[in-house]
$ cat target.cif   # mmCIF, C-alpha atoms and all ligand atoms
data_entry
loop_
_atom_site.label_atom_id
_atom_site.label_comp_id
_atom_site.auth_asym_id
_atom_site.auth_seq_id
_atom_site.Cartn_x
_atom_site.Cartn_y
_atom_site.Cartn_z
CA MET A 1 107.95 138.40 74.12
CA THR A 2 105.57 140.02 76.56
CA GLU A 3 105.37 138.88 80.13
CA THR A 4 102.08 137.08 80.70
CA ALA A 5 99.98 138.06 83.67
CA ARG A 6 98.83 134.49 84.19
CA PRO A 7 98.35 133.97 87.92
CA ARG A 8 100.08 131.00 89.48
CA ARG A 9 97.81 127.97 89.58
CA ARG A 10 98.37 124.69 91.33
CA LEU A 11 96.25 121.59 90.96
CA LEU A 12 95.26 118.94 93.50
CA VAL A 13 93.23 116.05 92.06
CA ILE A 14 91.76 113.56 94.51
CA SER A 15 90.17 110.41 93.13
CA VAL A 16 87.53 108.99 95.46
CA ASP A 17 87.31 105.71 93.59
CA ALA A 18 83.71 104.65 92.83
CA MET A 19 82.11 107.81 94.24
CA SER A 20 78.99 108.56 92.21
CA VAL A 21 76.68 111.53 91.75
CA VAL A 22 74.04 109.93 93.97
CA ASP A 23 76.55 110.04 96.85
CA VAL A 24 76.67 113.84 96.73
CA PRO A 25 73.73 114.52 99.13
CA PHE A 26 75.37 112.38 101.82
CA ALA A 27 78.86 113.72 101.08
CA ARG A 28 77.53 117.24 101.60
CA THR A 29 76.71 116.38 105.22
CA LEU A 30 80.46 115.82 105.78
CA PRO A 31 82.47 119.02 106.38
CA HIS A 32 85.38 118.62 103.96
CA PHE A 33 83.47 117.06 101.08
CA ALA A 34 80.96 119.90 101.59
CA ARG A 35 83.69 122.50 101.19
CA ILE A 36 84.79 121.09 97.85
CA LEU A 37 81.22 120.52 96.64
CA GLU A 38 80.48 124.24 97.24
CA GLY A 39 82.30 124.80 93.96
CA SER A 40 80.92 123.14 90.84
CA TRP A 41 80.04 119.50 90.30
CA GLY A 42 78.18 117.06 88.12
CA SER A 43 78.32 113.64 86.53
CA ALA A 44 81.19 112.25 84.50
CA GLU A 45 80.84 109.30 82.16
CA ALA A 46 83.56 106.66 82.36
CA ILE A 47 85.34 105.21 79.36
CA TYR A 48 84.68 101.59 78.45
CA PRO A 49 85.80 99.42 80.18
CA SER A 50 84.43 101.16 83.27
CA VAL A 51 87.22 99.87 85.48
CA THR A 52 89.85 101.70 87.49
CA TYR A 53 93.14 101.71 85.54
CA PRO A 54 91.80 102.63 82.09
CA ASN A 55 89.72 105.47 83.57
CA HIS A 56 92.45 106.89 85.78
CA THR A 57 94.75 106.87 82.76
CA SER A 58 92.11 108.82 80.80
CA GLN A 59 92.08 111.34 83.64
CA THR A 60 95.80 111.96 83.11
CA THR A 61 95.89 111.73 79.30
CA GLY A 62 92.54 112.97 77.94
CA ARG A 63 92.42 109.85 75.76
CA THR A 64 90.23 106.76 75.64
CA ALA A 65 91.79 103.28 75.89
CA ASP A 66 92.48 103.27 72.16
CA GLY A 67 94.79 106.27 72.63
CA HIS A 68 96.43 105.45 75.96
CA GLY A 69 96.65 101.67 75.63
CA ILE A 70 95.58 100.76 79.19
CA TYR A 71 92.66 98.59 78.07
CA ALA A 72 92.09 96.69 81.35
CA ASN A 73 93.16 96.66 85.00
CA GLU A 74 95.11 93.44 84.69
CA LYS A 75 97.58 92.35 82.07
CA VAL A 76 96.37 89.49 79.92
CA THR A 77 98.22 86.41 81.13
CA PRO A 78 96.26 83.21 80.34
CA GLY A 79 96.82 80.52 82.93
CA GLU A 80 98.09 82.97 85.56
CA ARG A 81 95.90 82.85 88.67
CA VAL A 82 97.04 86.23 89.98
CA PRO A 83 97.94 88.46 87.01
CA ASP A 84 99.94 91.66 87.39
CA TRP A 85 98.06 94.91 86.88
CA PHE A 86 98.99 97.75 84.55
CA TRP A 87 101.18 99.27 87.24
CA ASP A 88 103.88 100.55 84.92
CA ALA A 89 103.66 104.10 83.53
CA ARG A 90 105.82 103.04 80.59
CA ASP A 91 102.87 101.02 79.25
CA ILE A 92 100.96 104.25 78.53
CA ALA A 93 101.07 104.88 74.79
CA CYS A 94 100.56 108.65 74.72
CA PRO A 95 101.76 111.72 76.67
CA THR A 96 100.37 112.16 80.20
CA LEU A 97 99.69 115.43 81.99
CA PHE A 98 102.81 114.66 84.01
CA ASP A 99 104.93 114.51 80.84
CA LEU A 100 103.43 117.76 79.52
CA ALA A 101 103.82 119.51 82.88
CA LYS A 102 107.46 118.50 83.12
CA GLU A 103 108.14 119.94 79.65
CA GLN A 104 106.77 123.26 80.89
CA GLY A 105 108.85 123.18 84.05
CA LEU A 106 105.99 122.39 86.45
CA SER A 107 106.69 120.09 89.39
CA THR A 108 104.49 117.00 89.68
CA ALA A 109 103.57 114.33 92.21
CA ALA A 110 101.23 111.32 92.21
CA VAL A 111 100.30 109.16 95.18
CA GLY A 112 98.52 105.84 94.75
CA TRP A 113 97.61 106.86 91.21
CA PRO A 114 97.18 103.90 88.83
CA ALA A 115 99.85 103.29 86.18
CA THR A 116 102.47 105.62 87.68
CA GLY A 117 105.09 102.97 88.59
CA TRP A 118 108.56 103.58 87.16
CA SER A 119 107.32 106.93 85.88
CA PRO A 120 109.74 108.62 83.48
CA SER A 121 108.40 112.12 84.17
CA LEU A 122 106.90 112.46 87.66
CA ASP A 123 109.14 114.26 90.15
CA ILE A 124 107.54 112.38 93.02
CA ALA A 125 105.71 109.10 92.39
CA VAL A 126 104.47 106.84 95.17
CA PRO A 127 102.51 104.54 92.89
CA GLU A 128 99.79 102.00 93.55
CA ILE A 129 101.33 98.55 93.44
CA TRP A 130 101.21 95.51 95.67
CA ASP A 131 102.30 91.92 96.10
CA ARG A 132 99.57 89.66 97.41
CA ALA A 133 102.20 87.69 99.33
CA GLY A 134 102.13 90.29 102.09
CA LEU A 135 103.16 93.63 103.50
CA GLU A 136 106.94 93.19 103.27
CA PRO A 137 107.01 92.16 99.59
CA THR A 138 104.50 94.96 98.88
CA LEU A 139 106.78 97.49 100.50
CA ALA A 140 109.72 96.16 98.48
CA VAL A 141 107.95 96.50 95.11
CA LEU A 142 106.50 99.87 96.10
CA ARG A 143 109.98 101.21 96.84
CA GLU A 144 111.22 99.83 93.53
CA ALA A 145 108.41 101.42 91.50
CA ALA A 146 108.60 104.81 93.25
CA THR A 147 110.78 107.69 92.06
CA PRO A 148 113.84 108.44 94.25
CA ARG A 149 112.07 111.33 95.99
CA GLY A 150 108.91 109.20 96.31
CA ARG A 151 110.96 106.48 98.01
CA GLU A 152 111.86 108.91 100.79
CA TYR A 153 108.15 109.45 101.47
CA VAL A 154 107.51 105.68 101.34
CA ASP A 155 110.16 105.15 104.00
CA ARG A 156 108.85 107.97 106.15
CA HIS A 157 105.27 106.64 106.14
CA ALA A 158 105.61 102.88 105.55
CA HIS A 159 104.22 102.15 109.02
CA GLU A 160 100.89 103.64 107.91
CA ILE A 161 100.23 100.98 105.24
CA GLY A 162 97.41 98.79 106.48
CA TRP A 163 97.22 95.05 105.81
CA ASP A 164 94.46 92.62 106.63
CA ARG A 165 93.80 90.12 103.84
CA LYS A 166 95.20 92.67 101.41
CA HIS A 167 96.83 96.09 101.22
CA ARG A 168 95.04 99.13 102.68
CA PHE A 169 96.69 102.24 101.31
CA GLY A 170 94.19 104.99 102.25
CA ARG A 171 95.79 106.13 105.51
CA PHE A 172 99.30 105.85 104.03
CA ASN A 173 98.44 107.63 100.75
CA THR A 174 96.83 110.52 102.63
CA ALA A 175 99.80 110.92 104.98
CA VAL A 176 102.24 110.84 102.06
CA ALA A 177 100.20 113.34 100.01
CA ALA A 178 99.80 115.76 102.93
CA ASP A 179 103.53 115.53 103.64
CA ILE A 180 104.36 116.21 99.97
CA LEU A 181 101.98 119.21 99.88
CA ARG A 182 103.75 120.68 102.93
CA THR A 183 107.34 119.73 102.11
CA ASP A 184 107.68 119.91 98.31
CA ALA A 185 104.56 121.96 97.47
CA PRO A 186 104.39 120.64 93.88
CA ASP A 187 102.43 122.45 91.16
CA VAL A 188 100.43 119.28 90.49
CA LEU A 189 99.46 116.42 92.80
CA PHE A 190 97.19 113.49 91.93
CA LEU A 191 95.98 111.22 94.77
CA HIS A 192 93.94 108.02 94.58
CA LEU A 193 91.81 106.80 97.52
CA VAL A 194 90.04 103.44 97.16
CA ASP A 195 88.24 103.00 100.47
CA VAL A 196 84.74 103.69 99.12
CA ASP A 197 85.31 101.33 96.19
CA SER A 198 86.66 98.57 98.45
CA ALA A 199 83.70 98.90 100.83
CA ARG A 200 81.26 98.71 97.92
CA HIS A 201 82.90 95.61 96.43
CA ALA A 202 82.91 93.82 99.78
CA THR A 203 79.55 94.82 101.23
CA GLY A 204 77.31 96.28 98.50
CA ARG A 205 76.62 99.68 97.02
CA PHE A 206 74.89 101.51 99.90
CA THR A 207 75.84 99.94 103.19
CA THR A 208 76.98 101.14 106.60
CA GLU A 209 80.52 100.20 105.63
CA VAL A 210 80.32 102.46 102.55
CA LYS A 211 79.03 105.30 104.72
CA GLU A 212 81.91 104.78 107.14
CA ALA A 213 84.36 104.82 104.23
CA PHE A 214 83.01 108.22 103.15
CA GLU A 215 83.41 109.50 106.72
CA ARG A 216 86.98 108.23 106.82
CA VAL A 217 87.80 109.81 103.45
CA ASP A 218 86.27 113.09 104.63
CA GLY A 219 88.73 113.17 107.52
CA TRP A 220 91.55 112.61 105.05
CA LEU A 221 90.29 115.44 102.82
CA GLY A 222 90.49 117.62 105.93
CA GLU A 223 94.15 116.67 106.38
CA LEU A 224 94.92 117.59 102.76
CA LEU A 225 93.13 120.94 103.00
CA ALA A 226 95.03 121.68 106.21
CA ALA A 227 98.33 120.82 104.48
CA LEU A 228 97.58 123.35 101.72
CA GLU A 229 96.90 125.99 104.38
CA ASP A 230 100.14 125.17 106.18
CA ALA A 231 102.10 125.39 102.93
CA GLY A 232 100.52 128.73 102.08
CA THR A 233 99.35 127.38 98.71
CA ALA A 234 95.59 127.05 99.39
CA ALA A 235 94.59 130.29 97.66
CA GLU A 236 96.27 129.33 94.38
CA THR A 237 95.24 125.66 94.30
CA ASP A 238 92.33 124.36 92.24
CA ILE A 239 91.03 121.17 93.84
CA ALA A 240 89.16 118.39 92.05
CA ILE A 241 87.34 115.32 93.27
CA VAL A 242 87.10 112.76 90.51
CA SER A 243 85.87 109.20 90.31
CA ASP A 244 86.16 106.48 87.75
CA HIS A 245 82.90 104.49 87.63
CA GLY A 246 79.71 103.61 89.48
CA HIS A 247 78.85 100.15 90.76
CA VAL A 248 76.26 97.49 89.86
CA GLU A 249 75.04 94.78 92.23
CA VAL A 250 76.58 91.41 91.37
CA GLY A 251 74.18 88.52 90.86
CA ARG A 252 76.53 85.82 89.64
CA VAL A 253 80.09 84.94 88.72
CA LEU A 254 80.89 83.55 85.27
CA ARG A 255 84.08 81.64 84.54
CA ALA A 256 83.97 81.75 80.77
CA ASN A 257 87.37 80.05 80.53
CA ALA A 258 85.87 76.97 82.21
CA LEU A 259 83.35 76.87 79.35
CA LEU A 260 86.18 77.29 76.84
CA ALA A 261 88.03 74.41 78.54
CA ARG A 262 84.99 72.14 78.17
CA GLN A 263 85.04 72.80 74.42
CA GLY A 264 88.80 72.17 74.17
CA PHE A 265 89.79 75.78 73.49
CA VAL A 266 91.65 75.89 76.81
CA ARG A 267 93.68 72.76 77.62
CA LEU A 268 94.76 71.73 81.12
CA ASP A 269 97.63 69.61 82.39
CA ALA A 270 97.46 66.84 85.00
CA ASP A 271 97.53 69.42 87.81
CA GLY A 272 94.62 71.35 86.34
CA GLU A 273 96.80 74.26 85.23
CA VAL A 274 96.52 75.78 81.75
CA SER A 275 98.93 74.07 79.35
CA SER A 276 97.82 75.72 76.11
CA TRP A 277 94.94 77.77 74.73
CA ASP A 278 93.29 78.95 71.52
CA ALA A 279 90.86 81.39 73.08
CA TRP A 280 90.77 83.15 76.44
CA VAL A 281 88.28 85.45 78.15
CA HIS A 282 90.02 88.18 80.15
CA GLY A 283 87.72 89.38 82.88
CA CYS A 284 87.22 93.12 83.09
CA GLY A 285 84.66 93.29 85.89
CA LEU A 286 81.22 93.04 84.31
CA THR A 287 82.58 92.48 80.80
CA GLY A 288 85.01 90.01 79.30
CA GLN A 289 87.53 90.51 76.52
CA LEU A 290 87.64 87.61 74.05
CA HIS A 291 91.24 86.88 73.07
CA LEU A 292 92.34 84.57 70.30
CA HIS A 293 95.80 83.00 70.45
CA PRO A 294 98.07 84.85 67.99
CA GLU A 295 98.86 81.55 66.24
CA ALA A 296 95.26 80.30 66.02
CA ASP A 297 94.07 79.60 62.47
CA GLU A 298 90.96 80.84 60.69
CA THR A 299 88.98 77.66 61.40
CA THR A 300 89.62 78.03 65.14
CA ARG A 301 88.62 81.67 65.00
CA GLU A 302 85.32 80.76 63.33
CA LYS A 303 84.65 78.00 65.86
CA VAL A 304 85.30 80.33 68.79
CA LEU A 305 83.03 83.02 67.37
CA ALA A 306 80.30 80.42 66.76
CA LEU A 307 80.61 79.24 70.36
CA VAL A 308 80.24 82.80 71.62
CA GLU A 309 77.13 83.23 69.49
CA ASP A 310 75.75 80.09 71.17
CA TRP A 311 76.40 81.64 74.58
CA VAL A 312 74.51 84.79 73.63
CA ALA A 313 71.57 82.69 72.38
CA ASP A 314 71.51 80.37 75.41
CA PRO A 315 69.53 81.77 78.38
CA GLU A 316 71.57 79.58 80.74
CA VAL A 317 74.75 81.47 79.89
CA PRO A 318 74.55 85.05 81.26
CA VAL A 319 76.18 86.71 78.26
CA GLN A 320 73.90 89.31 76.74
CA ALA A 321 75.90 90.34 73.69
CA PHE A 322 79.16 90.02 71.84
CA HIS A 323 80.50 93.31 70.48
CA PRO A 324 83.18 92.97 67.79
CA LEU A 325 86.26 95.11 68.29
CA THR A 326 85.46 97.36 65.31
CA ASP A 327 82.16 98.39 66.97
CA MET A 328 83.87 98.99 70.30
CA HIS A 329 86.48 101.11 68.63
CA GLU A 330 83.93 103.23 66.81
CA ASP A 331 81.45 103.60 69.68
CA TYR A 332 83.79 103.82 72.68
CA GLY A 333 87.34 104.40 71.47
CA TRP A 334 88.23 101.05 72.99
CA SER A 335 90.69 98.75 71.31
CA GLY A 336 93.23 96.18 72.36
CA PRO A 337 94.65 92.81 71.38
CA PHE A 338 91.27 91.01 71.41
CA LEU A 339 88.42 90.01 69.06
CA GLY A 340 85.69 91.80 70.94
CA ILE A 341 83.78 92.25 74.16
CA LEU A 342 81.42 89.89 75.94
CA GLU A 343 78.81 91.95 77.74
CA GLY A 344 77.35 90.09 80.69
CA VAL A 345 73.69 90.10 81.64
CA SER A 346 73.46 92.93 84.22
CA GLY A 347 75.36 91.94 87.36
CA THR A 348 77.47 89.17 85.81
CA ALA A 349 81.06 89.31 87.06
CA PHE A 350 83.64 87.69 84.78
CA GLN A 351 86.44 85.76 86.47
CA ASN A 352 89.60 84.62 84.70
CA LEU A 353 89.62 81.26 86.51
CA TRP A 354 89.14 78.11 84.47
CA ASP A 355 88.46 75.52 87.16
CA GLY A 356 85.52 74.68 89.38
CA ARG A 357 81.99 75.46 88.29
CA TRP A 358 81.52 77.87 85.42
CA LEU A 359 78.58 79.68 86.99
CA ILE A 360 78.10 80.51 90.67
CA ASP A 361 75.14 82.65 91.68
CA ARG A 362 74.39 84.74 94.74
CA PHE A 363 71.92 82.21 96.21
CA ASP A 364 74.63 79.56 96.06
CA ALA A 365 76.09 78.55 99.43
CA GLU A 366 79.54 78.65 97.76
CA TYR A 367 79.18 82.31 96.79
CA GLU A 368 82.00 84.19 98.46
CA PHE A 369 82.85 86.82 95.87
CA LEU A 370 82.27 90.54 95.37
CA LEU A 371 78.77 91.85 96.06
CA SER A 372 79.14 94.84 93.79
CA GLN A 373 81.23 95.40 90.66
CA HIS A 374 81.73 97.60 87.59
CA GLY A 375 83.14 97.28 84.09
CA HIS A 376 79.68 97.60 82.50
CA LEU A 377 78.72 99.85 79.58
CA PRO A 378 79.66 103.35 80.73
CA GLU A 379 76.36 105.03 79.89
CA GLN A 380 74.48 102.54 82.06
CA ASP A 381 73.58 102.87 85.71
CA ILE A 382 74.93 105.39 88.24
CA GLN A 383 77.55 107.82 86.96
CA ALA A 384 80.83 108.92 88.51
CA VAL A 385 81.14 112.38 90.08
CA PHE A 386 83.35 115.30 89.05
CA ALA A 387 83.64 118.23 91.46
CA MET A 388 85.98 121.23 91.53
CA THR A 389 86.61 124.26 93.68
CA GLY A 390 89.33 126.88 93.77
CA PRO A 391 90.41 130.21 92.35
CA SER A 392 89.68 129.25 88.71
CA ILE A 393 86.30 127.64 89.42
CA GLU A 394 82.81 129.13 89.60
CA THR A 395 80.70 128.50 92.69
CA GLY A 396 77.45 126.58 92.40
CA ARG A 397 77.67 125.52 88.75
CA ARG A 398 76.32 122.13 87.69
CA ILE A 399 77.78 119.86 85.00
CA THR A 400 75.02 117.94 83.27
CA ARG A 401 77.38 115.32 81.91
CA CYS A 402 81.04 115.32 81.01
CA THR A 403 83.50 112.47 80.54
CA VAL A 404 86.66 111.38 82.33
CA THR A 405 88.65 112.49 79.27
CA ASP A 406 87.09 115.98 79.59
CA GLU A 407 88.46 116.12 83.13
CA ALA A 408 92.04 115.70 81.90
CA VAL A 409 91.60 118.32 79.18
CA THR A 410 90.21 120.71 81.82
CA PHE A 411 93.16 120.05 84.14
CA ALA A 412 95.56 120.74 81.27
CA HIS A 413 93.75 123.99 80.48
CA LEU A 414 93.95 125.13 84.11
CA LEU A 415 97.72 124.51 84.09
CA GLY A 416 98.24 126.27 80.77
CA LEU A 417 99.03 122.99 78.99
CA GLU A 418 97.58 121.49 75.85
CA ILE A 419 96.98 117.78 75.27
CA PRO A 420 97.69 116.70 71.70
CA ASP A 421 94.90 114.63 70.05
CA ALA A 422 92.66 114.76 73.13
CA ASP A 423 89.36 112.85 73.05
CA GLY A 424 87.76 115.35 75.44
CA ARG A 425 86.87 119.03 75.81
CA VAL A 426 87.43 121.71 78.43
CA VAL A 427 84.48 121.73 80.87
CA GLU A 428 84.06 125.47 80.26
CA GLU A 429 80.86 125.82 82.26
CA ILE A 430 82.67 125.54 85.60
CA LEU A 431 85.47 128.01 84.81
CA ARG A 432 85.64 131.57 86.03
CA PRO A 433 86.36 134.06 83.25
CA ALA A 434 90.09 134.55 82.78
CA PRO A 435 91.41 137.55 84.73
CA VAL A 436 91.52 140.86 82.85
CA HIS A 437 95.00 141.95 81.79
CA GLN A 438 96.51 145.24 80.85
CA ASP A 439 97.85 144.05 77.53
CA ALA A 440 96.21 141.98 74.84
CA VAL A 441 99.14 139.64 74.37
CA GLY A 442 99.05 138.59 78.00
CA GLN A 443 95.32 138.00 77.65
CA GLU A 444 95.89 135.70 74.73
CA ALA A 445 98.22 133.59 76.80
CA VAL A 446 95.51 132.70 79.32
CA SER A 447 92.55 132.20 77.02
CA GLN A 448 93.88 129.33 74.92
CA ASP A 449 91.57 126.40 74.41
CA ALA A 450 92.59 122.76 74.33
ZN ZN B 1 87.81 102.23 90.51
#

$ encode --input "target.cif" --output "structure tokens"
Amino acid sequence: MTETARPRRRLLVISVDAMSVVDVPFARTLPHFARILEGSWGSAEAIYPSVTYPNHTSQTTGRTADGHGIYANEKVTPGERVPDWFWDARDIACPTLFDLAKEQGLSTAAVGWPATGWSPSLDIAVPEIWDRAGLEPTLAVLREAATPRGREYVDRHAHEIGWDRKHRFGRFNTAVAADILRTDAPDVLFLHLVDVDSARHATGRFTTEVKEAFERVDGWLGELLAALEDAGTAAETDIAIVSDHGHVEVGRVLRANALLARQGFVRLDADGEVSSWDAWVHGCGLTGQLHLHPEADETTREKVLALVEDWVADPEVPVQAFHPLTDMHEDYGWSGPFLGILEGVSGTAFQNLWDGRWLIDRFDAEYEFLLSQHGHLPEQDIQAVFAMTGPSIETGRRITRCTVTDEAVTFAHLLGLEIPDADGRVVEEILRPAPVHQDAVGQEAVSQDA
């Protein structure tokens, strides 16, 4: 009816995976982090499970795992040594920001963002996906999961994918994102960088390698900021740094499925592979999801629950509590196809494997696993960071505590979108007042709340 005076706003969201609020003082010594942190920042509580894919999906949907359906990093595949992850955007059970933006005619891009493979709505998707067999098969599946326009960027920058024992996407993702910002200048771009997280897993929470990862990421932030300048879009772009969880030092690895096998709930064939199962613990970092076979009877269910109670009572088994699904749903908005959650004693990493010893601790000569992990109760330990700067954002404001779902609702608000049934709120305290307009109807159009 009346033309709105809403100024054009673009959004660049950069996930520095596993960056926490306690990293801010160091990050401020780095030039490009410092520029973004001049805006507003604070701590953001993860959803449970505090692992990467569920939280990144909350950052694009405003929903907890109950709403978006990405309840773990990996798909539950008992007996599979290397399960697939939730790479496929079609597994998300609710609308994403990308879907909502498309409906409103905004152009969207995502690079390395979890659960964006085979995206039905992104204009440009270069998703996170890999094949552990090597670089060539990884490139093949990446091309397959990308959108047609994304595939062009994959081909242009494929030589920048690193590979040692596994994929290293940081350099590649940054080059692709900077190229997209210059070439396509989308309204919305989400980018995921995992270098800090990888360094923490491999070497511990606060090591030289983690520091170097921050320095590397800072250089990449500089490339992205330069790309916005080159494209002439810097002045209208709100920029966010988000993260998905903190980290906890790992003290031991628990293979709960090896314990289930000893009790006959997991059965192995002559080669030691899983032939059938009644119960299965799906590792989710520092917690485990207890699954019951869909065809298991009531007696089996009772036996499995009794066994789990024994674990909780036994000081030799590092399981601190069992939380039934109904409690998890009520307290954390977490549900899925399982009976409940095994919470490890602090620093207990759950592995899906069923063979070898069931418990391996850090003093053990055989210990060759992660030194730092997450997946713990979200309110515990060091919190993730949320920082924003840009034309819509106040300078120098502090967020006492928000959630990853609040981040998505705030992004939607900044883009003039509304998320249906959101589990979060707009983080109002960081927003500049909406610009003053000459007519009241135009004003209304910019002051809507999600
Ligand atoms: Zn993560």

$ residues_around --input "target.cif" --residues "A:Ser50" --least-positions-apart "4" --cutoff "9 Å" --atoms "all atoms listed in the file" --output "NGL selection string"
:A and (45-46 or 54-55 or 244-246 or 284-286 or 374-378)

$ residues_around --input "target.cif" --residues "A:Leu307" --least-positions-apart "4" --cutoff "10 Å" --atoms "only C-alpha atoms" --output "MDAnalysis selection string"
chainID A and resid 259:260 263 301:303 311:313

$ write_last_selection --input "target.cif" --atoms "C-alpha atoms" --output "mmCIF file, keeping the file's coordinate frame"
data_model
loop_
_atom_site.group_PDB
_atom_site.id
_atom_site.type_symbol
_atom_site.label_atom_id
_atom_site.label_comp_id
_atom_site.auth_asym_id
_atom_site.auth_seq_id
_atom_site.Cartn_x
_atom_site.Cartn_y
_atom_site.Cartn_z
ATOM 1 C CA LEU A 259 83.350 76.870 79.350
ATOM 2 C CA LEU A 260 86.180 77.290 76.840
ATOM 3 C CA GLN A 263 85.040 72.800 74.420
ATOM 4 C CA ARG A 301 88.620 81.670 65.000
ATOM 5 C CA GLU A 302 85.320 80.760 63.330
ATOM 6 C CA LYS A 303 84.650 78.000 65.860
ATOM 7 C CA TRP A 311 76.400 81.640 74.580
ATOM 8 C CA VAL A 312 74.510 84.790 73.630
ATOM 9 C CA ALA A 313 71.570 82.690 72.380
#

$ residues_near_ligand --input "target.cif" --ligand "ligand ZN 1 (chain B)" --cutoff "12 Å" --atoms "only C-alpha atoms and all ligand atoms" --output "number ranges by chain"
A: 15-20, 46-47, 49-57, 72-73, 113-114, 192-201, 242-247, 284-285, 372-375, 384

$ residues_around --input "target.cif" --residues "A:Thr147" --least-positions-apart "5" --cutoff "9 Å" --atoms "all atoms listed in the file" --output "list in words"
Gly117, Trp118, Ser119, Pro120, Leu122, Asp123, Ile124, Ala125, Val126, Pro127 and Glu152 of chain A

$ closest_residue --input "target.cif" --among "A:Thr96, A:Ile14, A:Leu325, A:Gly134" --to "A:Gly170" --atoms "all atoms listed in the file"
A:Ile14

$ residues_near_point --input "target.cif" --point "(86.3, 127.3, 82.4)" --cutoff "12 Å" --atoms "only C-alpha atoms" --output "PyMOL selection string"
chain A and resi 40+238+388-395+397+399+406-407+409-415+425-435+446-450

$ residues_around --input "target.cif" --residues "A:His282" --least-positions-apart "6" --cutoff "9 Å" --atoms "all atoms listed in the file" --output "VMD selection string"
chain A and resid 72 74 to 78 256 to 257 288 to 291 350 to 352

$ closest_atom_pairs --input "target.cif" --of "stretch 23-129 of chain A" --to "stretch 204-213 of chain A" --cutoff "10 Å" --atoms "all atoms listed in the file" --output "tab-separated table"
residue	atom	partner	partner_atom	distance
A:Asp23	CA	A:Phe206	CA	9.2
A:Phe26	CA	A:Lys211	CA	8.5
A:Ala27	CA	A:Lys211	CA	9.2

$ closest_residue --input "target.cif" --among "A:Val253, A:Val248, A:Val266, A:Cys402" --to "A:Asp364" --atoms "all atoms listed in the file"
A:Val253

$ residues_around --input "target.cif" --residues "A:Thr183" --least-positions-apart "6" --cutoff "12 Å" --atoms "all atoms listed in the file" --output "short mmCIF file (atom, residue, chain, number, x, y, z; two decimals) with C-alpha atoms, keeping the file's coordinate frame"
data_model
loop_
_atom_site.label_atom_id
_atom_site.label_comp_id
_atom_site.auth_asym_id
_atom_site.auth_seq_id
_atom_site.Cartn_x
_atom_site.Cartn_y
_atom_site.Cartn_z
CA ALA A 109 103.57 114.33 92.21
CA ILE A 124 107.54 112.38 93.02
CA ARG A 149 112.07 111.33 95.99
CA GLU A 152 111.86 108.91 100.79
CA TYR A 153 108.15 109.45 101.47
CA ALA A 175 99.80 110.92 104.98
CA VAL A 176 102.24 110.84 102.06
CA ALA A 177 100.20 113.34 100.01
CA ALA A 227 98.33 120.82 104.48
CA LEU A 228 97.58 123.35 101.72
CA ASP A 230 100.14 125.17 106.18
CA ALA A 231 102.10 125.39 102.93
CA GLY A 232 100.52 128.73 102.08
CA THR A 233 99.35 127.38 98.71
#

$ build_atoms --input "target.cif" --residues "stretch 26-36 of chain A" --atoms "N, CA and C atoms" --output "compact mmCIF listing (two decimals), keeping the file's coordinate frame"
# COMPACT_ATOMS: atom_id res chain seq x y z
N PHE A 26 74.76 112.82 100.57
CA PHE A 26 75.37 112.38 101.82
C PHE A 26 76.73 113.05 102.03
N ALA A 27 77.52 113.12 100.96
CA ALA A 27 78.86 113.72 101.08
C ALA A 27 78.77 115.17 101.57
N ARG A 28 77.68 115.85 101.18
CA ARG A 28 77.53 117.24 101.60
C ARG A 28 77.27 117.40 103.10
N THR A 29 76.91 116.30 103.77
CA THR A 29 76.71 116.38 105.22
C THR A 29 78.05 116.26 105.95
N LEU A 30 79.13 115.98 105.19
CA LEU A 30 80.46 115.82 105.78
C LEU A 30 81.25 117.11 105.50
N PRO A 31 81.95 117.65 106.50
CA PRO A 31 82.47 119.02 106.38
C PRO A 31 83.43 119.26 105.22
N HIS A 32 84.34 118.32 104.96
CA HIS A 32 85.38 118.62 103.96
C HIS A 32 84.90 118.33 102.54
N PHE A 33 84.13 117.25 102.38
CA PHE A 33 83.47 117.06 101.08
C PHE A 33 82.61 118.29 100.78
N ALA A 34 81.87 118.76 101.79
CA ALA A 34 80.96 119.90 101.59
C ALA A 34 81.73 121.12 101.07
N ARG A 35 82.91 121.34 101.62
CA ARG A 35 83.69 122.50 101.19
C ARG A 35 84.04 122.43 99.71
N ILE A 36 84.41 121.24 99.26
CA ILE A 36 84.79 121.09 97.85
C ILE A 36 83.55 121.14 96.96
